[in-house]
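S.K.: Pasting structure35.txt below, which is compact mmCIF, C-alpha atoms.
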```txt
# COMPACT_ATOMS: atom_id res chain seq x y z
CA MET A 1 94.00 82.73 76.08
CA THR A 2 96.12 83.30 79.17
CA SER A 3 95.78 81.27 82.36
CA LYS A 4 94.83 82.90 85.67
CA LEU A 5 95.20 81.77 89.27
CA PHE A 6 93.10 83.57 91.90
CA ILE A 7 94.46 83.25 95.43
CA VAL A 8 91.81 84.17 98.00
CA GLY A 9 93.06 84.90 101.52
CA SER A 10 90.42 83.95 104.03
CA SER A 11 89.51 83.56 107.70
CA ILE A 12 85.97 82.21 107.85
CA GLN A 13 86.10 81.19 111.49
CA THR A 14 87.87 83.81 113.59
CA ARG A 15 88.94 83.84 117.20
CA SER A 16 87.98 86.50 119.73
CA ASN A 17 91.42 88.16 119.77
CA ARG A 18 91.35 91.91 119.16
CA LEU A 19 92.98 93.91 116.38
CA THR A 20 94.95 97.15 116.66
CA TYR A 21 91.89 99.12 115.56
CA SER A 22 89.07 96.95 116.90
CA LYS A 23 88.14 94.98 120.02
CA VAL A 24 86.90 92.16 117.77
CA ARG A 25 88.26 90.58 114.59
CA THR A 26 84.77 90.48 113.09
CA ILE A 27 81.16 91.13 114.02
CA PHE A 28 79.96 88.43 111.62
CA SER A 29 79.30 84.82 112.54
CA LYS A 30 81.16 81.92 110.96
CA GLU A 31 78.03 81.06 108.96
CA GLU A 32 77.70 84.60 107.59
CA ARG A 33 81.40 84.78 106.69
CA LEU A 34 81.03 81.46 104.88
CA ARG A 35 78.09 82.81 102.86
CA GLN A 36 80.03 85.95 101.97
CA THR A 37 83.03 83.88 100.88
CA ILE A 38 80.85 81.76 98.62
CA PHE A 39 79.66 85.00 96.99
CA THR A 40 83.33 85.95 96.57
CA ILE A 41 84.04 82.69 94.76
CA ASN A 42 80.95 83.08 92.58
CA SER A 43 81.87 86.63 91.58
CA ILE A 44 85.30 85.45 90.41
CA THR A 45 83.91 82.40 88.63
CA ASN A 46 81.27 84.45 86.83
CA ALA A 47 83.91 86.88 85.56
CA PHE A 48 86.55 84.26 84.73
CA PRO A 49 84.91 80.81 84.41
CA ASP A 50 88.14 79.19 83.21
CA SER A 51 90.25 80.45 86.10
CA LYS A 52 91.63 78.38 88.97
CA ILE A 53 90.79 79.56 92.49
CA VAL A 54 92.75 78.64 95.60
CA LEU A 55 91.11 79.52 98.93
CA VAL A 56 93.72 79.71 101.71
CA ASP A 57 91.83 79.81 105.00
CA SER A 58 93.11 80.29 108.55
CA SER A 59 90.14 78.81 110.44
CA ASP A 60 90.80 76.41 113.32
CA ASP A 61 88.09 73.91 112.36
CA THR A 62 87.97 73.56 108.58
CA LYS A 63 86.21 70.21 108.06
CA ASP A 64 82.69 71.57 107.49
CA ILE A 65 84.04 74.66 105.71
CA GLU A 66 85.96 72.58 103.19
CA ILE A 67 82.85 70.55 102.41
CA SER A 68 81.07 73.75 101.35
CA PHE A 69 83.56 74.27 98.52
CA LYS A 70 83.97 70.73 97.22
CA TYR A 71 81.23 71.20 94.62
CA PHE A 72 83.08 74.08 92.96
CA LYS A 73 85.02 72.37 90.19
CA ASN A 74 87.56 75.20 89.90
CA VAL A 75 88.21 75.75 93.64
CA GLU A 76 90.90 74.21 95.82
CA PHE A 77 90.55 74.69 99.58
CA ILE A 78 93.79 74.85 101.59
CA ALA A 79 93.87 75.08 105.37
CA LEU A 80 96.66 77.36 106.59
CA LYS A 81 97.20 75.12 109.62
CA GLU A 82 98.22 72.31 107.25
CA LEU A 83 100.88 74.55 105.66
CA SER A 84 102.35 75.93 108.89
CA GLY A 85 101.16 75.60 112.47
CA GLU A 86 103.28 78.59 113.48
CA ALA A 87 101.85 80.86 110.77
CA HIS A 88 98.34 79.63 111.58
CA GLU A 89 98.70 80.65 115.23
CA ILE A 90 100.16 84.08 114.42
CA VAL A 91 97.48 84.86 111.84
CA ASN A 92 94.78 84.04 114.38
CA THR A 93 96.25 86.00 117.27
CA HIS A 94 98.40 88.92 116.10
CA LYS A 95 96.78 92.34 116.52
CA ASN A 96 98.01 93.80 113.23
CA LYS A 97 95.78 92.59 110.39
CA SER A 98 98.31 93.66 107.74
CA LEU A 99 100.97 91.38 109.23
CA CYS A 100 98.45 88.53 109.33
CA GLU A 101 97.47 89.03 105.70
CA SER A 102 101.08 89.19 104.48
CA LEU A 103 102.09 86.11 106.47
CA LEU A 104 99.13 84.05 105.25
CA LEU A 105 99.90 84.88 101.63
CA ASN A 106 103.61 84.24 101.92
CA THR A 107 103.05 80.89 103.58
CA TYR A 108 101.18 79.80 100.48
CA TYR A 109 103.41 81.62 97.98
CA THR A 110 106.64 80.09 99.29
CA GLN A 111 105.32 76.51 99.46
CA TYR A 112 103.59 76.57 96.08
CA LYS A 113 106.03 78.61 93.99
CA LYS A 114 106.40 75.96 91.32
CA TYR A 115 102.65 75.49 90.96
CA ILE A 116 101.92 79.24 90.90
CA LYS A 117 104.41 79.80 88.09
CA GLU A 118 102.46 77.37 85.88
CA PHE A 119 99.95 80.20 85.40
CA ASP A 120 100.42 83.33 83.34
CA PHE A 121 98.77 85.63 85.88
CA VAL A 122 98.20 85.60 89.62
CA VAL A 123 95.36 87.60 91.17
CA LYS A 124 95.27 88.11 94.94
CA ALA A 125 91.77 88.57 96.35
CA CYS A 126 90.14 88.63 99.78
CA GLY A 127 87.29 86.46 100.97
CA ARG A 128 83.97 88.19 101.62
CA TYR A 129 84.47 90.85 98.94
CA PHE A 130 82.82 90.87 95.53
CA TYR A 131 84.61 91.74 92.32
CA PHE A 132 83.34 93.26 89.12
CA ASP A 133 84.54 95.32 86.15
CA MET A 134 87.77 93.33 86.10
CA LEU A 135 88.72 93.81 82.48
CA ASP A 136 89.79 90.55 80.88
CA SER A 137 91.41 92.62 78.15
CA LEU A 138 94.29 93.39 80.53
CA PHE A 139 95.29 89.74 80.89
CA THR A 140 97.10 89.50 77.56
CA GLU A 141 100.35 88.03 76.34
CA GLU A 142 101.73 91.56 76.08
CA ASN A 143 100.95 92.25 79.75
CA LYS A 144 102.47 89.09 81.25
CA ASP A 145 105.35 91.22 82.53
CA LYS A 146 102.98 93.70 84.21
CA ILE A 147 101.59 94.25 87.70
CA PHE A 148 98.00 95.41 88.27
CA PHE A 149 96.87 97.59 91.16
CA LYS A 150 93.74 99.65 91.55
CA LYS A 151 94.44 103.37 91.22
CA PRO A 152 95.87 104.54 94.54
CA LEU A 153 93.99 106.39 97.22
CA LYS A 154 95.73 109.53 98.40
CA PHE A 155 95.46 111.54 101.59
CA LYS A 156 96.89 114.85 102.74
CA TRP A 157 100.06 114.17 104.73
CA ASN A 158 99.56 114.14 108.51
CA ASP A 159 102.63 114.09 110.76
CA THR A 160 100.65 112.55 113.63
CA TRP A 161 100.32 109.33 111.63
CA ASN A 162 104.06 108.79 112.21
CA TYR A 163 104.69 107.54 108.68
CA GLN A 164 108.04 109.25 108.23
CA TYR A 165 109.58 105.91 107.25
CA ILE A 166 107.86 106.13 103.86
CA ASP A 167 107.92 109.90 103.47
CA ALA A 168 108.41 110.46 99.72
CA ARG A 169 106.96 113.94 99.46
CA GLU A 170 110.17 115.46 98.13
CA THR A 171 110.36 112.92 95.32
CA GLN A 172 106.63 113.09 94.62
CA LYS A 173 106.63 116.91 94.58
CA ASP A 174 103.36 116.99 96.53
CA ASP A 175 102.08 116.71 100.10
CA PHE A 176 100.18 113.43 99.90
CA ILE A 177 100.50 109.89 101.16
CA ARG A 178 99.27 107.14 98.85
CA GLN A 179 97.89 103.64 99.33
CA TYR A 180 97.23 100.67 97.06
CA CYS A 181 94.06 98.70 97.75
CA THR A 182 95.30 95.20 98.65
CA VAL A 183 91.83 93.65 98.62
CA LEU A 184 92.54 93.01 94.94
CA TYR A 185 95.69 93.14 92.81
CA GLY A 186 97.36 91.00 90.17
CA PHE A 187 100.68 90.29 88.53
CA GLY A 188 102.35 88.21 85.88
CA SER A 189 103.66 85.10 87.66
CA SER A 190 107.24 86.06 86.77
CA HIS A 191 106.89 88.75 89.46
CA LEU A 192 106.09 86.26 92.23
CA HIS A 193 109.49 86.71 93.86
CA LYS A 194 108.86 90.46 94.20
CA PHE A 195 105.68 89.85 96.18
CA ILE A 196 107.30 87.19 98.33
CA ASP A 197 110.08 89.65 99.19
CA MET A 198 107.60 92.46 99.83
CA ASN A 199 105.39 90.35 102.10
CA GLU A 200 108.41 89.13 104.02
CA ALA A 201 109.61 92.70 104.50
CA ILE A 202 106.17 93.81 105.70
CA VAL A 203 105.96 90.97 108.23
CA HIS A 204 109.40 91.78 109.64
CA LEU A 205 108.81 95.53 109.68
CA ILE A 206 105.45 95.40 111.44
CA SER A 207 106.84 92.91 113.98
CA TYR A 208 108.81 95.77 115.54
CA PRO A 209 106.68 97.57 118.19
CA GLN A 210 107.70 101.00 116.90
CA MET A 211 106.48 100.03 113.41
CA SER A 212 103.31 98.20 114.46
CA HIS A 213 101.05 101.04 113.29
CA PHE A 214 101.98 100.54 109.62
CA ASP A 215 99.54 98.95 107.19
CA VAL A 216 99.97 96.78 104.12
CA GLU A 217 98.10 99.25 101.87
CA THR A 218 100.52 102.11 102.45
CA LEU A 219 103.62 99.91 102.47
CA SER A 220 102.57 98.18 99.23
CA TYR A 221 102.50 101.49 97.39
CA TYR A 222 105.91 102.68 98.56
CA MET A 223 107.63 99.30 98.32
CA THR A 224 106.60 98.97 94.67
CA ARG A 225 108.10 102.30 93.53
CA PRO A 226 111.33 100.61 92.31
CA PHE A 227 109.33 98.81 89.60
CA GLN A 228 106.73 101.49 89.03
CA SER A 229 107.22 101.36 85.26
CA GLN A 230 105.81 97.82 85.20
CA ILE A 231 102.61 98.73 87.06
CA ILE A 232 99.26 99.28 85.35
CA GLU A 233 96.79 101.14 87.58
CA THR A 234 93.25 99.94 86.90
CA ASP A 235 89.61 100.89 87.45
CA TRP A 236 88.73 97.48 88.91
CA ARG A 237 85.88 97.71 91.41
CA VAL A 238 85.40 95.88 94.69
CA CYS A 239 82.65 95.94 97.30
CA GLY A 240 81.85 94.11 100.52
CA TRP A 241 81.24 94.46 104.23
CA ASP A 242 83.94 95.62 106.62
CA GLY A 243 84.33 92.80 109.13
CA THR A 244 84.81 94.87 112.27
CA SER A 245 82.10 97.49 111.69
CA GLY A 246 79.68 95.83 109.28
CA ARG A 247 79.79 98.87 106.98
CA PHE A 248 79.29 98.23 103.28
CA MET A 249 82.50 99.29 101.55
CA PHE A 250 82.94 100.25 97.90
CA TYR A 251 86.45 100.52 96.45
```
Here is the file; what I need is its structure written in the form of structure tokens.

M.R.:
Amino acid sequence: MTSKLFIVGSSIQTRSNRLTYSKVRTIFSKEERLRQTIFTINSITNAFPDSKIVLVDSSDDTKDIEISFKYFKNVEFIALKELSGEAHEIVNTHKNKSLCESLLLNTYYTQYKKYIKEFDFVVKACGRYFYFDMLDSLFTEENKDKIFFKKPLKFKWNDTWNYQYIDARETQKDDFIRQYCTVLYGFGSSHLHKFIDMNEAIVHLISYPQMSHFDVETLSYYMTRPFQSQIIETDWRVCGWDGTSGRFMFY
């Protein structure tokens, strides 16, 4: 049996700062986001009862939140503010959610590299989403050198999106832009350095005003083309409520 570490990026208590696409970071209360995150943890535990789950949360006040998870024997709660005050402030205030997500993850990845590599597989998940149909048969010894993404979404190319930076239509031989769902993906822990490098590149890229419209989903697809042969595209399913609109989403 292979060992699995689930890293759940989370922001249970959000500030009132706006996002690039929304005047609010969430329409849900702290209490509702906490309930949804507990469902997230339960969905992972039910699918993989022997897995370890690390919840990395960017809330300002984490004392009562942490108490809610202390009865989960397989869950470790980590407050982002304890890892980096600078990252904690950026994640809570920056308008681009993709930058915030990449910075939160990398803050944990870089400080816990040795611990993460004790596991065979790493699975990145998001709080407040629920996971099912995650095939345990993929987490095998033979696949420890693989990367798992859900099958990409694709959209007809639109020049007004200003995505020329990742224009690969000539290589692809079609007129589409593709995205990987970053609500859920996994990789053999030997690939950790690739994801640290990718997150760092995304943070730096989006920091430039002329690149601030980019998103982690699109960049993740195009930045992983150099090691495409190691990627297994899956039928994993995810559902949950979009924080800014309240819509129920099904991926």

S.K.: Let me make sure I understand: among A:Asp60, A:Asp215, A:Asp50, A:Asp197, which one has the smallest atom-to-atom distance to Lys30 of chain A if we use all atoms listed in the file?

M.R.: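 Nearest to Lys30 of chain A: A:Asp60.
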
S.K.: Using only C-alpha atoms, find the one residue out of A:Tyr21, A:Asn162, A:Leu105, A:Glu82 that sits nearest to Val54 of chain A.

M.R.: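 Going through A:Tyr21, A:Asn162, A:Leu105, A:Glu82 one by one, the smallest distance to Val54 of chain A is for A:Leu105.
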
S.K.: Here's a test: counting all atoms listed in the file, identify every protein, DNA and RNA residue with an atom at most 7 Å from (87.5, 98.5, 86.8) in the file's coordinate frame, and state them as a list in words.

M.R.: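 Nearby residues: Asp133, Met134, Leu135, Thr234, Asp235, Trp236 and Arg237 of chain A.
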
S.K.: So, counting only C-alpha atoms, which residue among A:Gly85, A:Gly240, A:Gly127, A:Pro49 is closest to Ser10 of chain A?

M.R.: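 Of the candidates, the smallest distance to Ser10 of chain A is held by A:Gly127.
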
S.K.: Counting only C-alpha atoms, which residues have an atom no more than 10 Å from (89.6, 74.7, 105.7) in the file's coordinates? Please list them as a PyMOL selection string.

M.R.: chain A and resi 10-13+55-69+76-82

S.K.: Generate the output file for the selected residues, C-alpha atoms, as a PDB file, in the frame of the given file.

M.R.:
```pdb
ATOM      1  CA  SER A  10      90.420  83.950 104.030  1.00  0.00           C
ATOM      2  CA  SER A  11      89.510  83.560 107.700  1.00  0.00           C
ATOM      3  CA  ILE A  12      85.970  82.210 107.850  1.00  0.00           C
ATOM      4  CA  GLN A  13      86.100  81.190 111.490  1.00  0.00           C
ATOM      5  CA  LEU A  55      91.110  79.520  98.930  1.00  0.00           C
ATOM      6  CA  VAL A  56      93.720  79.710 101.710  1.00  0.00           C
ATOM      7  CA  ASP A  57      91.830  79.810 105.000  1.00  0.00           C
ATOM      8  CA  SER A  58      93.110  80.290 108.550  1.00  0.00           C
ATOM      9  CA  SER A  59      90.140  78.810 110.440  1.00  0.00           C
ATOM     10  CA  ASP A  60      90.800  76.410 113.320  1.00  0.00           C
ATOM     11  CA  ASP A  61      88.090  73.910 112.360  1.00  0.00           C
ATOM     12  CA  THR A  62      87.970  73.560 108.580  1.00  0.00           C
ATOM     13  CA  LYS A  63      86.210  70.210 108.060  1.00  0.00           C
ATOM     14  CA  ASP A  64      82.690  71.570 107.490  1.00  0.00           C
ATOM     15  CA  ILE A  65      84.040  74.660 105.710  1.00  0.00           C
ATOM     16  CA  GLU A  66      85.960  72.580 103.190  1.00  0.00           C
ATOM     17  CA  ILE A  67      82.850  70.550 102.410  1.00  0.00           C
ATOM     18  CA  SER A  68      81.070  73.750 101.350  1.00  0.00           C
ATOM     19  CA  PHE A  69      83.560  74.270  98.520  1.00  0.00           C
ATOM     20  CA  GLU A  76      90.900  74.210  95.820  1.00  0.00           C
ATOM     21  CA  PHE A  77      90.550  74.690  99.580  1.00  0.00           C
ATOM     22  CA  ILE A  78      93.790  74.850 101.590  1.00  0.00           C
ATOM     23  CA  ALA A  79      93.870  75.080 105.370  1.00  0.00           C
ATOM     24  CA  LEU A  80      96.660  77.360 106.590  1.00  0.00           C
ATOM     25  CA  LYS A  81      97.200  75.120 109.620  1.00  0.00           C
ATOM     26  CA  GLU A  82      98.220  72.310 107.250  1.00  0.00           C
TER      27      GLU A  82
END
```

S.K.: Using atom CA of Glu170 of chain A and atom CA of Ala201 of chain A as the two end points, give the distance in Å to one decimal.

M.R.: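 Rounded to one decimal, the two atoms are 23.6 Å apart.
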
S.K.: Would you give the centre and edge lengths, in Å to one decimal, of a box along x, y and z around the listed atoms of segment 221-236 of chain A, with 5 Å added to each side, as AutoDock Vina command-line options?

M.R.:
```
--center_x 100.0 --center_y 100.1 --center_z 91.9 --size_x 32.6 --size_y 15.2 --size_z 23.4
```

S.K.: Considering only C-alpha atoms, return as a ChimeraX atom specification whatever protein or nucleic-acid residues lie within 10 Å of segment 203-207 of chain A, sequence-local ones (same chain, fewer than 5 positions apart) excluded.

M.R.: /A:94,96,98-103,106,198,212-216,219

S.K.: Between A:Ile196, A:Val183, A:Leu19, A:Val238, which residue has the minimum interatomic distance to Lys97 of chain A, considering all atoms listed in the file?

M.R.: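 Under the stated criterion, the closest residue is A:Leu19.
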